[in-house]
file final.cif (mmCIF, C-alpha atoms)
data_my_file
#
loop_
_atom_site.label_atom_id
_atom_site.label_comp_id
_atom_site.auth_asym_id
_atom_site.auth_seq_id
_atom_site.Cartn_x
_atom_site.Cartn_y
_atom_site.Cartn_z
CA MET N 10 1.20 -23.06 -11.91
CA GLY N 11 0.19 -25.12 -14.97
CA SER N 12 2.34 -25.14 -18.07
CA ASP N 13 -0.33 -23.18 -19.98
CA ASP N 14 -0.24 -20.43 -17.36
CA LEU N 15 3.53 -20.42 -17.43
CA LEU N 16 3.52 -20.13 -21.21
CA ALA N 17 1.00 -17.27 -21.02
CA LEU N 18 3.21 -15.50 -18.49
CA HIS N 19 6.35 -15.81 -20.62
CA GLY N 20 4.43 -14.71 -23.69
CA GLN N 21 3.21 -11.66 -21.78
CA GLU N 22 6.77 -10.86 -20.69
CA LEU N 23 7.94 -11.12 -24.29
CA ARG N 24 5.24 -8.73 -25.55
CA ARG N 25 5.50 -6.25 -22.71
CA GLY N 26 8.54 -4.39 -23.95
CA THR N 27 7.22 -4.17 -27.50
CA VAL N 28 4.07 -2.28 -26.54
CA VAL N 29 5.93 1.00 -26.01
CA LEU N 30 7.52 0.73 -29.45
CA ALA N 31 4.16 -0.06 -31.08
CA VAL N 32 2.49 2.87 -29.29
CA LEU N 33 5.24 5.31 -30.30
CA ALA N 34 5.09 4.04 -33.88
CA LEU N 35 1.34 4.66 -34.16
CA LEU N 36 1.40 8.05 -32.46
CA GLY N 37 3.30 9.74 -35.29
CA GLU N 38 -0.16 11.12 -35.90
CA ALA N 39 -2.36 12.11 -32.97
CA ARG N 40 -4.80 9.49 -31.68
CA TYR N 41 -7.08 9.16 -28.68
CA GLY N 42 -6.95 6.21 -26.28
CA TYR N 43 -9.69 3.96 -27.60
CA ALA N 44 -8.77 4.51 -31.27
CA LEU N 45 -5.16 3.63 -30.45
CA LEU N 46 -6.30 0.45 -28.69
CA ALA N 47 -8.35 -0.53 -31.75
CA ASP N 48 -5.49 0.28 -34.17
CA LEU N 49 -3.06 -1.75 -32.07
CA ALA N 50 -5.48 -4.69 -32.10
CA ASP N 51 -5.87 -4.38 -35.89
CA ALA N 52 -2.09 -4.41 -36.19
CA GLY N 53 -1.97 -7.63 -34.16
CA VAL N 54 -0.49 -6.04 -31.04
CA GLU N 55 -2.37 -7.42 -28.05
CA VAL N 56 -2.65 -4.95 -25.21
CA GLU N 57 -5.24 -4.46 -22.48
CA GLY N 58 -6.91 -1.12 -21.91
CA ASN N 59 -5.78 -1.07 -18.29
CA THR N 60 -2.19 -1.35 -19.52
CA LEU N 61 -2.44 1.07 -22.42
CA TYR N 62 -4.23 4.03 -20.80
CA PRO N 63 -1.87 4.37 -17.82
CA LEU N 64 1.09 3.83 -20.21
CA LEU N 65 0.01 6.84 -22.30
CA ARG N 66 0.11 9.06 -19.22
CA ARG N 67 3.45 7.67 -18.16
CA LEU N 68 4.98 8.34 -21.59
CA GLU N 69 3.51 11.85 -21.49
CA LYS N 70 5.10 12.44 -18.09
CA GLN N 71 8.42 11.25 -19.49
CA GLY N 72 8.13 13.84 -22.26
CA LEU N 73 7.81 11.35 -25.16
CA LEU N 74 4.16 12.23 -25.78
CA ALA N 75 2.12 15.40 -25.62
CA SER N 76 -1.63 15.44 -25.13
CA GLU N 77 -4.39 17.80 -26.05
CA TRP N 78 -8.14 17.79 -25.42
CA ASN N 79 -10.10 17.94 -28.64
CA THR N 80 -13.57 19.36 -28.05
CA ASP N 81 -14.57 19.85 -31.70
CA GLU N 82 -16.67 16.71 -31.79
CA SER N 83 -19.68 15.83 -29.65
CA ARG N 84 -17.51 13.85 -27.26
CA PRO N 85 -14.36 15.57 -25.94
CA ARG N 86 -11.35 13.26 -26.32
CA LYS N 87 -7.76 13.42 -25.21
CA PHE N 88 -5.39 13.09 -28.18
CA TYR N 89 -1.82 11.95 -27.76
CA ALA N 90 1.03 12.53 -30.23
CA LEU N 91 4.83 12.20 -30.30
CA THR N 92 6.98 15.08 -29.12
CA ASP N 93 10.43 15.70 -30.66
CA GLN N 94 11.88 13.62 -27.86
CA GLY N 95 9.30 10.93 -28.67
CA HIS N 96 10.37 10.91 -32.34
CA ALA N 97 13.98 10.45 -31.27
CA ALA N 98 12.99 7.62 -28.91
CA LEU N 99 11.00 5.95 -31.69
CA GLY N 100 14.06 6.04 -33.95
CA ALA N 101 16.37 4.61 -31.32
CA LEU N 102 13.93 1.88 -30.23
CA THR N 103 13.22 0.92 -33.84
CA ALA N 104 16.94 0.43 -34.48
CA GLU N 105 17.23 -1.60 -31.31
CA TRP N 106 14.25 -3.75 -32.27
CA GLN N 107 15.71 -4.46 -35.71
CA THR N 108 19.05 -5.52 -34.23
CA LEU N 109 17.32 -7.71 -31.69
CA SER N 110 15.00 -9.24 -34.25
CA THR N 111 17.88 -10.02 -36.65
CA SER N 112 19.98 -11.56 -33.89
CA LEU N 113 17.15 -13.71 -32.58
CA ASP N 114 16.11 -14.84 -36.08
CA ARG N 115 19.68 -15.91 -36.79
CA LEU N 116 19.94 -17.67 -33.44
CA LEU N 117 16.64 -19.51 -33.82
CA ARG N 118 17.42 -20.57 -37.41
CA LYS N 119 20.75 -21.95 -36.25
CA VAL N 120 19.36 -24.10 -33.45
CA SER N 121 16.07 -25.23 -35.02
CA PRO N 122 16.32 -28.55 -36.84
CA MET F 5 -29.18 6.82 -9.72
CA SER F 6 -25.56 6.54 -10.80
CA THR F 7 -24.78 4.67 -14.00
CA LEU F 8 -22.34 1.76 -13.98
CA THR F 9 -19.80 4.08 -15.62
CA ASP F 10 -20.22 6.61 -12.79
CA ARG F 11 -19.54 3.92 -10.26
CA TYR F 12 -16.54 2.59 -12.14
CA VAL F 13 -14.93 6.00 -12.70
CA HIS F 14 -15.50 6.90 -9.07
CA ALA F 15 -13.97 3.61 -7.90
CA VAL F 16 -10.83 4.30 -9.96
CA THR F 17 -10.35 7.99 -9.24
CA THR F 18 -10.85 7.85 -5.48
CA GLN F 19 -7.64 5.79 -5.42
CA LEU F 20 -5.65 8.48 -7.24
CA PRO F 21 -3.95 11.71 -6.08
CA ALA F 22 -6.46 14.58 -6.08
CA GLY F 23 -4.55 16.53 -8.74
CA GLN F 24 -4.98 13.81 -11.39
CA ARG F 25 -8.57 12.81 -10.66
CA ASP F 26 -10.56 15.16 -12.86
CA ASP F 27 -8.48 14.73 -15.99
CA ILE F 28 -8.32 10.93 -15.70
CA ALA F 29 -12.06 10.76 -14.95
CA ARG F 30 -12.84 12.83 -18.04
CA GLU F 31 -10.60 10.72 -20.27
CA LEU F 32 -11.93 7.49 -18.78
CA ARG F 33 -15.55 8.50 -19.46
CA ALA F 34 -14.73 9.28 -23.10
CA THR F 35 -12.87 5.97 -23.44
CA ILE F 36 -15.73 3.97 -21.93
CA ALA F 37 -18.23 5.74 -24.18
CA ASP F 38 -16.05 4.91 -27.21
CA ALA F 39 -15.86 1.28 -26.12
CA VAL F 40 -19.65 1.06 -25.62
CA GLU F 41 -20.20 2.53 -29.08
CA ALA F 42 -18.09 -0.23 -30.59
CA TYR F 43 -20.70 -2.80 -29.50
CA PRO F 44 -23.77 -3.33 -31.70
CA PRO F 45 -26.47 -0.75 -30.82
CA GLU F 46 -28.98 -3.48 -29.86
CA ASP F 47 -26.60 -4.88 -27.21
CA VAL F 48 -28.17 -3.83 -23.89
CA ASP F 49 -25.25 -5.25 -21.95
CA ALA F 50 -22.62 -3.15 -23.75
CA GLU F 51 -21.78 -0.76 -20.89
CA ARG F 52 -21.33 -3.60 -18.43
CA GLN F 53 -19.17 -5.54 -20.91
CA ALA F 54 -17.03 -2.48 -21.70
CA LEU F 55 -16.29 -2.01 -18.00
CA LEU F 56 -15.45 -5.69 -17.56
CA ASP F 57 -13.03 -5.35 -20.50
CA LEU F 58 -11.26 -2.54 -18.66
CA GLY F 59 -10.59 -4.80 -15.68
CA HIS F 60 -10.92 -4.21 -11.96
CA PRO F 61 -10.87 -0.53 -10.93
CA THR F 62 -8.04 -1.10 -8.46
CA THR F 63 -5.86 -2.72 -11.14
CA LEU F 64 -6.43 0.29 -13.38
CA ALA F 65 -5.77 2.72 -10.52
CA ASP F 66 -2.54 0.84 -9.66
CA GLY F 67 -1.54 1.28 -13.30
CA TYR F 68 -2.11 5.04 -13.17
CA ARG F 69 -0.27 5.30 -9.89
CA GLY F 70 2.59 3.11 -11.07
CA GLY F 71 2.31 0.21 -8.64
CA PRO F 72 0.32 -0.97 -5.66
CA ARG F 73 0.44 1.06 -2.49
CA ALA F 74 1.98 -0.29 0.71
CA LEU F 75 2.61 1.14 4.15
CA ILE F 76 5.33 -1.43 4.81
CA GLY F 77 6.94 -2.37 1.51
CA PRO F 78 8.44 -5.75 0.63
CA GLY F 79 11.95 -4.42 1.31
CA VAL F 80 11.43 -3.78 5.01
CA TYR F 81 8.62 -6.28 5.60
CA PRO F 82 10.79 -9.15 6.95
CA ALA F 83 12.46 -6.86 9.51
CA TRP F 84 9.11 -5.33 10.49
CA ALA F 85 7.43 -8.73 10.96
CA ALA F 86 10.34 -10.24 12.90
CA LEU F 87 10.66 -7.27 15.24
CA LEU F 88 6.92 -7.03 15.84
CA LYS F 89 6.72 -10.73 16.74
CA LEU F 90 9.63 -10.41 19.16
CA LEU F 91 8.25 -7.30 20.86
CA LEU F 92 4.71 -8.62 21.11
CA ALA F 93 6.13 -11.64 22.90
CA ILE F 94 8.10 -9.58 25.44
CA VAL F 95 6.62 -6.14 26.07
CA PRO F 96 2.98 -6.90 27.02
CA VAL F 97 4.18 -9.52 29.52
CA ILE F 98 6.54 -7.08 31.25
CA VAL F 99 4.03 -4.21 31.29
CA GLY F 100 1.25 -6.54 32.46
CA GLY F 101 3.53 -7.76 35.24
CA VAL F 102 4.34 -4.23 36.36
CA ALA F 103 0.66 -3.26 36.31
CA LEU F 104 -0.10 -6.40 38.31
CA ALA F 105 2.49 -5.47 40.93
CA VAL F 106 1.37 -1.83 41.09
CA SER F 107 -2.34 -2.58 41.48
CA ALA F 108 -1.56 -5.36 43.97
CA THR F 109 0.08 -2.77 46.25
CA GLU F 110 -3.15 -0.79 46.12
CA GLY F 111 -4.83 -3.63 47.96
CA GLU F 112 -7.58 -4.16 45.39
CA GLY F 113 -9.53 -7.36 44.90
CA ALA F 114 -8.05 -10.16 42.79
CA GLY F 115 -10.48 -9.54 39.92
CA GLU F 116 -9.55 -5.87 39.67
CA VAL F 117 -5.83 -6.62 39.88
CA ILE F 118 -6.04 -9.16 37.06
CA SER F 119 -8.22 -6.99 34.84
CA ALA F 120 -5.83 -4.06 35.38
CA ALA F 121 -2.92 -6.29 34.32
CA ILE F 122 -4.73 -7.59 31.24
CA PHE F 123 -5.78 -4.09 30.23
CA ALA F 124 -2.21 -2.76 30.62
CA ALA F 125 -0.80 -5.70 28.62
CA PHE F 126 -3.37 -5.14 25.87
CA GLU F 127 -2.60 -1.43 25.75
CA ALA F 128 1.14 -2.19 25.60
CA ALA F 129 0.55 -4.56 22.66
CA LEU F 130 -1.34 -1.82 20.83
CA GLN F 131 1.42 0.70 21.54
CA VAL F 132 4.07 -1.70 20.27
CA ALA F 133 2.15 -2.34 17.05
CA VAL F 134 1.54 1.35 16.43
CA TRP F 135 5.05 2.63 17.12
CA VAL F 136 6.93 -0.16 15.36
CA THR F 137 4.72 0.17 12.29
CA LEU F 138 5.07 3.94 12.34
CA ALA F 139 8.85 3.71 12.70
CA PHE F 140 9.16 1.31 9.78
CA ALA F 141 6.76 3.35 7.66
CA ILE F 142 8.99 6.41 8.24
CA VAL F 143 12.19 4.48 7.56
CA GLU F 144 10.58 3.07 4.42
CA ARG F 145 9.94 6.60 3.16
CA VAL F 146 13.07 8.48 4.19
CA GLY F 147 15.77 5.95 4.94
CA VAL F 148 15.74 3.18 2.40
CA ASP F 149 15.46 2.83 -1.35
CA PRO F 150 12.28 0.88 -2.00
CA GLY F 151 12.78 -2.80 -2.67
CA THR F 152 16.30 -3.04 -1.33
CA PHE F 153 17.04 -4.30 2.14
CA ALA F 154 20.55 -2.93 2.55
CA PRO F 155 20.45 -0.07 0.11
CA LEU F 156 23.29 0.48 -2.30
CA THR F 157 23.05 3.57 -4.44
CA PRO F 158 23.80 2.60 -8.04
CA ALA F 159 26.77 4.48 -9.48
CA ALA F 160 28.44 4.43 -12.88
CA GLN F 161 31.87 3.94 -11.31
CA TRP F 162 32.04 1.07 -8.86
CA ALA F 163 34.23 -1.86 -7.98
CA PRO F 164 33.22 -5.20 -6.49
CA GLU F 165 35.61 -4.71 -3.56
CA ASP F 166 33.71 -1.54 -2.55
CA LEU F 167 30.60 -3.57 -1.76
CA PRO F 168 29.93 -3.85 1.98
CA ASP F 169 31.12 -7.00 3.69
CA PRO F 170 28.05 -8.86 5.00
CA GLU F 171 30.20 -10.01 7.92
CA ALA F 172 30.77 -6.37 8.83
CA ARG F 173 27.26 -5.69 10.12
CA GLN F 174 28.03 -3.34 12.98
CA VAL F 175 24.80 -3.88 14.81
CA GLY F 176 23.43 -7.39 15.09
CA TRP F 177 19.76 -8.30 15.03
CA GLY F 178 19.77 -9.09 18.72
CA GLU F 179 21.34 -5.82 19.80
CA ALA F 180 19.08 -3.59 17.72
CA SER F 181 16.00 -5.60 18.69
CA TRP F 182 16.88 -5.23 22.36
CA SER F 183 17.23 -1.48 22.15
CA VAL F 184 13.79 -1.36 20.52
CA ALA F 185 12.41 -3.65 23.23
CA VAL F 186 13.81 -1.45 26.02
CA ALA F 187 12.44 1.70 24.37
CA ALA F 188 9.05 0.04 23.83
CA VAL F 189 8.82 -1.04 27.46
CA GLY F 190 9.74 2.51 28.48
CA ILE F 191 7.10 4.07 26.24
CA ALA F 192 4.44 1.65 27.42
CA LEU F 193 5.29 2.16 31.11
CA LEU F 194 5.32 5.94 30.75
CA THR F 195 2.04 6.17 28.86
CA ALA F 196 -0.07 3.23 30.05
CA VAL F 197 0.50 3.22 33.82
CA ASP F 198 -1.04 5.85 36.09
CA TYR F 199 1.45 6.51 38.85
CA VAL F 200 -0.74 6.34 41.91
CA VAL F 201 -0.15 4.02 44.89
CA GLN F 202 -2.01 3.50 48.14
CA VAL F 203 -0.25 4.69 51.28
CA ASP F 204 -2.18 3.97 54.49
CA GLY F 205 -5.34 3.51 52.43
CA ARG F 206 -5.06 6.87 50.64
CA PRO F 207 -4.17 7.30 46.96
CA VAL F 208 -0.83 9.06 46.59
CA GLN F 209 0.72 10.40 43.42
CA VAL F 210 4.16 8.81 42.83
CA LEU F 211 5.75 11.03 40.21
CA THR F 212 5.95 14.78 40.78
CA ASP F 213 3.92 17.08 38.54
CA LEU F 214 7.17 18.15 36.92
CA ALA F 215 8.13 14.54 36.23
CA LEU F 216 4.67 13.74 34.85
CA THR F 217 5.00 16.64 32.40
CA TRP F 218 8.58 15.88 31.40
CA ARG F 219 7.79 12.21 30.73
CA TRP F 220 6.32 13.28 27.37
CA VAL F 221 9.75 14.61 26.39
CA VAL F 222 11.20 11.24 27.40
CA VAL F 223 8.49 9.44 25.40
CA ALA F 224 9.33 11.57 22.34
CA GLY F 225 12.99 10.63 22.80
CA LEU F 226 12.12 6.93 23.08
CA VAL F 227 9.93 7.06 19.95
CA LEU F 228 12.82 8.65 18.06
CA GLY F 229 15.01 5.89 19.51
CA VAL F 230 12.68 3.24 18.03
CA ILE F 231 12.93 4.92 14.62
CA VAL F 232 16.73 4.98 14.85
CA ALA F 233 16.77 1.32 15.90
CA ALA F 234 14.48 0.34 13.01
CA HIS F 235 16.85 2.13 10.66
CA LEU F 236 19.78 0.26 12.22
CA LEU F 237 18.02 -3.09 11.91
CA ILE F 238 17.57 -2.53 8.21
CA ARG F 239 20.97 -1.04 7.35
CA GLY F 240 22.99 -2.88 9.96
CA ARG F 241 25.34 0.12 10.13
CA TRP F 242 25.48 3.57 11.64
CA THR F 243 25.30 6.62 9.37
CA MET F 244 25.95 10.25 10.32
CA ARG F 245 22.22 10.90 10.08
CA SER F 246 21.18 8.02 12.30
CA ALA F 247 23.96 8.82 14.81
CA THR F 248 22.72 12.42 14.99
CA ALA F 249 19.12 11.22 15.47
CA ASN F 250 20.45 8.91 18.20
CA LEU F 251 22.12 11.90 19.90
CA VAL F 252 18.84 13.84 19.87
CA SER F 253 16.97 10.80 21.18
CA ASN F 254 19.46 10.34 24.03
CA LEU F 255 19.27 14.04 24.92
CA LEU F 256 15.46 13.93 25.06
CA VAL F 257 15.59 10.87 27.31
CA GLY F 258 18.66 11.76 29.37
CA VAL F 259 18.31 15.47 30.16
CA PRO F 260 14.91 15.26 31.94
CA LEU F 261 15.83 12.02 33.73
CA VAL F 262 19.26 13.18 34.97
CA THR F 263 17.93 16.62 35.97
CA LEU F 264 15.05 15.10 37.95
CA LEU F 265 17.39 12.68 39.70
CA LEU F 266 20.06 15.28 40.54
CA THR F 267 17.52 17.74 41.93
CA ASP F 268 15.55 14.91 43.60
CA ARG F 269 12.29 15.97 41.98
CA LEU F 270 11.37 12.60 40.45
CA VAL F 271 9.24 11.10 43.21
CA THR F 272 6.85 13.01 45.49
CA PRO F 273 7.81 13.03 49.21
CA ALA F 274 4.43 11.56 50.13
CA ALA F 275 4.97 8.44 48.00
CA ARG F 276 8.50 7.70 49.21
CA PRO F 277 7.63 5.55 52.25
CA GLY F 278 5.27 3.44 50.13
CA LEU F 279 7.95 2.66 47.53
CA LEU F 280 10.53 1.29 49.95
CA PRO F 281 9.38 -1.91 51.66
CA GLY F 282 10.25 -2.39 55.31
CA ASN F 283 12.24 0.00 57.42
CA SER F 284 15.68 -1.21 56.40
CA ILE F 285 16.25 1.51 53.74
CA GLU F 286 15.50 5.22 54.02
CA TRP F 287 14.96 7.40 50.93
CA ALA F 288 17.88 9.56 51.99
CA ASP F 289 20.16 6.51 51.77
CA LEU F 290 19.51 6.16 48.04
CA ASN F 291 22.31 7.75 46.09
CA LEU F 292 20.43 9.53 43.33
CA GLY F 293 23.58 11.29 42.15
CA VAL F 294 25.25 7.97 41.33
CA ALA F 295 22.12 6.79 39.51
CA ALA F 296 22.12 10.01 37.48
CA VAL F 297 25.81 9.60 36.60
CA ILE F 298 25.30 5.97 35.56
CA ILE F 299 22.33 6.84 33.32
CA GLY F 300 24.16 9.84 31.86
CA GLY F 301 27.26 7.72 31.31
CA ILE F 302 25.39 4.95 29.49
CA LEU F 303 23.65 7.46 27.20
CA LEU F 304 26.93 9.30 26.54
CA TRP F 305 28.72 6.05 25.70
CA ASP F 306 25.84 5.02 23.41
CA THR F 307 26.00 8.39 21.61
CA VAL F 308 29.77 8.35 21.16
CA ASP F 309 29.68 4.70 20.04
CA ALA F 310 27.14 5.57 17.34
CA PHE F 311 29.24 8.46 16.02
CA ARG F 312 32.39 6.32 16.04
CA GLY F 313 30.54 3.68 14.06
CA ALA F 314 29.33 6.29 11.56
CA ALA F 315 32.83 7.74 11.22
CA ARG F 316 34.27 4.27 10.57
CA ASN F 317 31.74 3.70 7.81
CA ARG F 318 32.54 7.00 6.22
CA ARG F 319 36.24 6.15 6.07
CA GLY F 320 35.59 2.51 5.11
#
call {"tool": "encode", "arguments": {"input": "final.cif", "output": "structure tokens"}}
result
Amino acid sequence: MGSDDLLALHGQELRRGTVVLAVLALLGEARYGYALLADLADAGVEVEGNTLYPLLRRLEKQGLLASEWNTDESRPRKFYALTDQGHAALGALTAEWQTLSTSLDRLLRKVSP
Amino acid sequence: MSTLTDRYVHAVTTQLPAGQRDDIARELRATIADAVEAYPPEDVDAERQALLDLGHPTTLADGYRGGPRALIGPGVYPAWAALLKLLLAIVPVIVGGVALAVSATEGEGAGEVISAAIFAAFEAALQVAVWVTLAFAIVERVGVDPGTFAPLTPAAQWAPEDLPDPEARQVGWGEASWSVAVAAVGIALLTAVDYVVQVDGRPVQVLTDLALTWRWVVVAGLVLGVIVAAHLLIRGRWTMRSATANLVSNLLVGVPLVTLLLTDRLVTPAARPGLLPGNSIEWADLNLGVAAVIIGGILLWDTVDAFRGAARNRRG
């Protein structure tokens, strides 16, 4: 495995855990799959469709999201939004992210020349 | 003609459980349509590109399912592969040899004898592959946590000294492999060989009708025995469940065999002269009662040994 591939792999690992937090953060208001993908991309969060769409169903199964088919427009779309449990998870994960981010910032500042 | 989207959605959903298919298909179609719309209207290649962006259908289906599917998972794969290699080296040779000997007594031509042996060996190899794979597939689903070779159930309260001692494997690889090999040879002999010999140029049935019927009970017992042995290979220790399954297996094998021996209904009277070469031994001289007691004794010892092992583990 080349060093570029290795770097890509580690970068992917690093981003993987943050996708759930980003998804929960954006789903405070209901969104459908493709719109969420576009909003995540606009926000600078790189995620593939084949990761995001199954993730939405998994989070729904875990009770963090609820979904509803919206048939008002010409194309029926499945909208996802946070449940109460999802709101609680968002709060907890946000706190965890902030702690982690602060710790790592401090650590990296200390060791970088 | 189906559109590219039709093909893609079909390729994904056929890999999913029936209950989820319709909803995922509906959502996927909407998502693909949204993605196509995001391309400039003059782009004729938009649908194709949108599907390529979504990635291979199997990758997406794996995502929905939560991981790739496997009959033999990585946790039990090494044991499955090792056992299969061992058995494929032993069992077809033995069964082929027996078939060779049996068809040689029928006084057939060399070509027929050899082709009968090769066919029996090939059939034995197939049987081995099927039963071993089936046994491991069952163990994979009911007996072992996925991804762990010697499963430890995570618990909040635990101490390092409670972890099993790797030296304390009750059943070694060799022992468990041998019991599978013996069972596999038994299954192959009972299912692949037709028990007919030539006596004075006439075909004679060797096993009685009763024995031919009851052999399926014995085969069922041996198959259960292979499953128990596969479980043992993986865990290395007896549990109450596997010891109980071992008891049932031994009953299925032992009861028909011992009953047939004690009542002398295993071999048809017509075939008896053909089985004993020369005139030195008469059928009546064979002590079937002793054979029955020895077989019963071995199975009883095996059953008790398994339960003692399980009881030790429970205390340990």
call {"tool": "axis_aligned_box", "arguments": {"input": "final.cif", "around": "region 95-101 of chain N", "padding_each_side": "3 Å", "output": "lines of an AutoDock Vina configuration file"}}
result
center_x = 12.8
center_y = 7.8
center_z = -31.3
size_x = 13.1
size_y = 12.3
size_z = 11.3
call {"tool": "residues_around", "arguments": {"input": "final.cif", "residues": "Thr62 (chain F)", "least_positions_apart": "2", "cutoff": "9 Å", "atoms": "only C-alpha atoms", "output": "MDAnalysis selection string"}}
result
chainID F and resid 15:16 19 59:60 64:67 72
call {"tool": "closest_atom_pairs", "arguments": {"input": "final.cif", "of": "chain N", "to": "chain F", "cutoff": "12 Å", "atoms": "only C-alpha atoms", "output": "Markdown table"}}
result
| residue | atom | partner | partner_atom | distance |
| --- | --- | --- | --- | --- |
| N:Tyr41 | CA | F:Thr35 | CA | 8.4 |
| N:Gly42 | CA | F:Thr35 | CA | 6.6 |
| N:Tyr43 | CA | F:Thr35 | CA | 5.6 |
| N:Ala44 | CA | F:Asp38 | CA | 8.3 |
| N:Leu45 | CA | F:Thr35 | CA | 10.7 |
| N:Leu46 | CA | F:Ala39 | CA | 9.9 |
| N:Ala47 | CA | F:Ala39 | CA | 9.6 |
| N:Val56 | CA | F:Leu58 | CA | 11.1 |
| N:Glu57 | CA | F:Leu58 | CA | 7.4 |
| N:Gly58 | CA | F:Leu58 | CA | 5.6 |
| N:Asn59 | CA | F:Leu64 | CA | 5.1 |
| N:Thr60 | CA | F:Gly67 | CA | 6.8 |
| N:Leu61 | CA | F:Gly67 | CA | 9.2 |
| N:Tyr62 | CA | F:Tyr68 | CA | 8.0 |
| N:Pro63 | CA | F:Tyr68 | CA | 4.7 |
| N:Leu64 | CA | F:Gly67 | CA | 7.8 |
| N:Leu65 | CA | F:Tyr68 | CA | 9.5 |
| N:Arg66 | CA | F:Tyr68 | CA | 7.6 |
| N:Arg67 | CA | F:Tyr68 | CA | 7.9 |
| N:Leu68 | CA | F:Tyr68 | CA | 11.5 |
| N:Lys70 | CA | F:Tyr68 | CA | 11.4 |
| N:Ser76 | CA | F:Glu31 | CA | 11.2 |
| N:Glu77 | CA | F:Glu31 | CA | 11.0 |
| N:Trp78 | CA | F:Glu31 | CA | 9.1 |
| N:Asn79 | CA | F:Glu31 | CA | 11.1 |
| N:Thr80 | CA | F:Ala34 | CA | 11.3 |
| N:Glu82 | CA | F:Ala34 | CA | 11.6 |
| N:Ser83 | CA | F:Ala34 | CA | 10.5 |
| N:Arg84 | CA | F:Ala34 | CA | 6.8 |
| N:Pro85 | CA | F:Ala34 | CA | 6.9 |
| N:Arg86 | CA | F:Ala34 | CA | 6.1 |
| N:Lys87 | CA | F:Glu31 | CA | 6.3 |
| N:Phe88 | CA | F:Glu31 | CA | 9.8 |
| N:Tyr89 | CA | F:Glu31 | CA | 11.6 |
call {"tool": "residues_around", "arguments": {"input": "final.cif", "residues": "Ala295 (chain F)", "least_positions_apart": "5", "cutoff": "9 Å", "atoms": "all atoms listed in the file", "output": "ChimeraX atom specification"}}
result
/F:262,265-266,290,300
call {"tool": "atom_distance", "arguments": {"input": "final.cif", "atom1": "CA of Leu292 (chain F)", "atom2": "CA of Leu226 (chain F)"}}
result
22.0 Å
call {"tool": "resolve_selection", "arguments": {"input": "final.cif", "expression": "the PyMOL selection byres ((chain N and resi 27-32) around 8)", "output": "PyMOL selection string"}}
result
chain N and resi 23-26+33-36+45+49+54+56+99+102-103
call {"tool": "closest_residue", "arguments": {"input": "final.cif", "among": "N:Ala50, N:Ser110, N:Leu74, N:Ser121", "to": "Ala98 (chain N)", "atoms": "all atoms listed in the file"}}
result
N:Leu74
call {"tool": "resolve_selection", "arguments": {"input": "final.cif", "expression": "the PyMOL selection byres ((chain F and resi 228) around 12)", "output": "mmCIF file with C-alpha atoms, keeping the file's coordinate frame"}}
result
data_model
loop_
_atom_site.group_PDB
_atom_site.id
_atom_site.type_symbol
_atom_site.label_atom_id
_atom_site.label_comp_id
_atom_site.auth_asym_id
_atom_site.auth_seq_id
_atom_site.Cartn_x
_atom_site.Cartn_y
_atom_site.Cartn_z
ATOM 1 C CA TRP F 135 5.050 2.630 17.120
ATOM 2 C CA VAL F 136 6.930 -0.160 15.360
ATOM 3 C CA LEU F 138 5.070 3.940 12.340
ATOM 4 C CA ALA F 139 8.850 3.710 12.700
ATOM 5 C CA PHE F 140 9.160 1.310 9.780
ATOM 6 C CA ILE F 142 8.990 6.410 8.240
ATOM 7 C CA VAL F 143 12.190 4.480 7.560
ATOM 8 C CA SER F 183 17.230 -1.480 22.150
ATOM 9 C CA VAL F 184 13.790 -1.360 20.520
ATOM 10 C CA ALA F 187 12.440 1.700 24.370
ATOM 11 C CA ALA F 188 9.050 0.040 23.830
ATOM 12 C CA ILE F 191 7.100 4.070 26.240
ATOM 13 C CA VAL F 221 9.750 14.610 26.390
ATOM 14 C CA VAL F 222 11.200 11.240 27.400
ATOM 15 C CA VAL F 223 8.490 9.440 25.400
ATOM 16 C CA ALA F 224 9.330 11.570 22.340
ATOM 17 C CA GLY F 225 12.990 10.630 22.800
ATOM 18 C CA LEU F 226 12.120 6.930 23.080
ATOM 19 C CA VAL F 227 9.930 7.060 19.950
ATOM 20 C CA GLY F 229 15.010 5.890 19.510
ATOM 21 C CA VAL F 230 12.680 3.240 18.030
ATOM 22 C CA ILE F 231 12.930 4.920 14.620
ATOM 23 C CA VAL F 232 16.730 4.980 14.850
ATOM 24 C CA ALA F 233 16.770 1.320 15.900
ATOM 25 C CA ALA F 234 14.480 0.340 13.010
ATOM 26 C CA HIS F 235 16.850 2.130 10.660
ATOM 27 C CA SER F 246 21.180 8.020 12.300
ATOM 28 C CA ALA F 247 23.960 8.820 14.810
ATOM 29 C CA THR F 248 22.720 12.420 14.990
ATOM 30 C CA ALA F 249 19.120 11.220 15.470
ATOM 31 C CA ASN F 250 20.450 8.910 18.200
ATOM 32 C CA LEU F 251 22.120 11.900 19.900
ATOM 33 C CA VAL F 252 18.840 13.840 19.870
ATOM 34 C CA SER F 253 16.970 10.800 21.180
ATOM 35 C CA ASN F 254 19.460 10.340 24.030
ATOM 36 C CA LEU F 255 19.270 14.040 24.920
ATOM 37 C CA LEU F 256 15.460 13.930 25.060
ATOM 38 C CA VAL F 257 15.590 10.870 27.310
#
call {"tool": "atom_distance", "arguments": {"input": "final.cif", "atom1": "CA of Ala185 (chain F)", "atom2": "CA of Val308 (chain F)"}}
result
21.2 Å
call {"tool": "atom_distance", "arguments": {"input": "final.cif", "atom1": "CA of Leu304 (chain F)", "atom2": "CA of Ser181 (chain F)"}}
result
20.1 Å
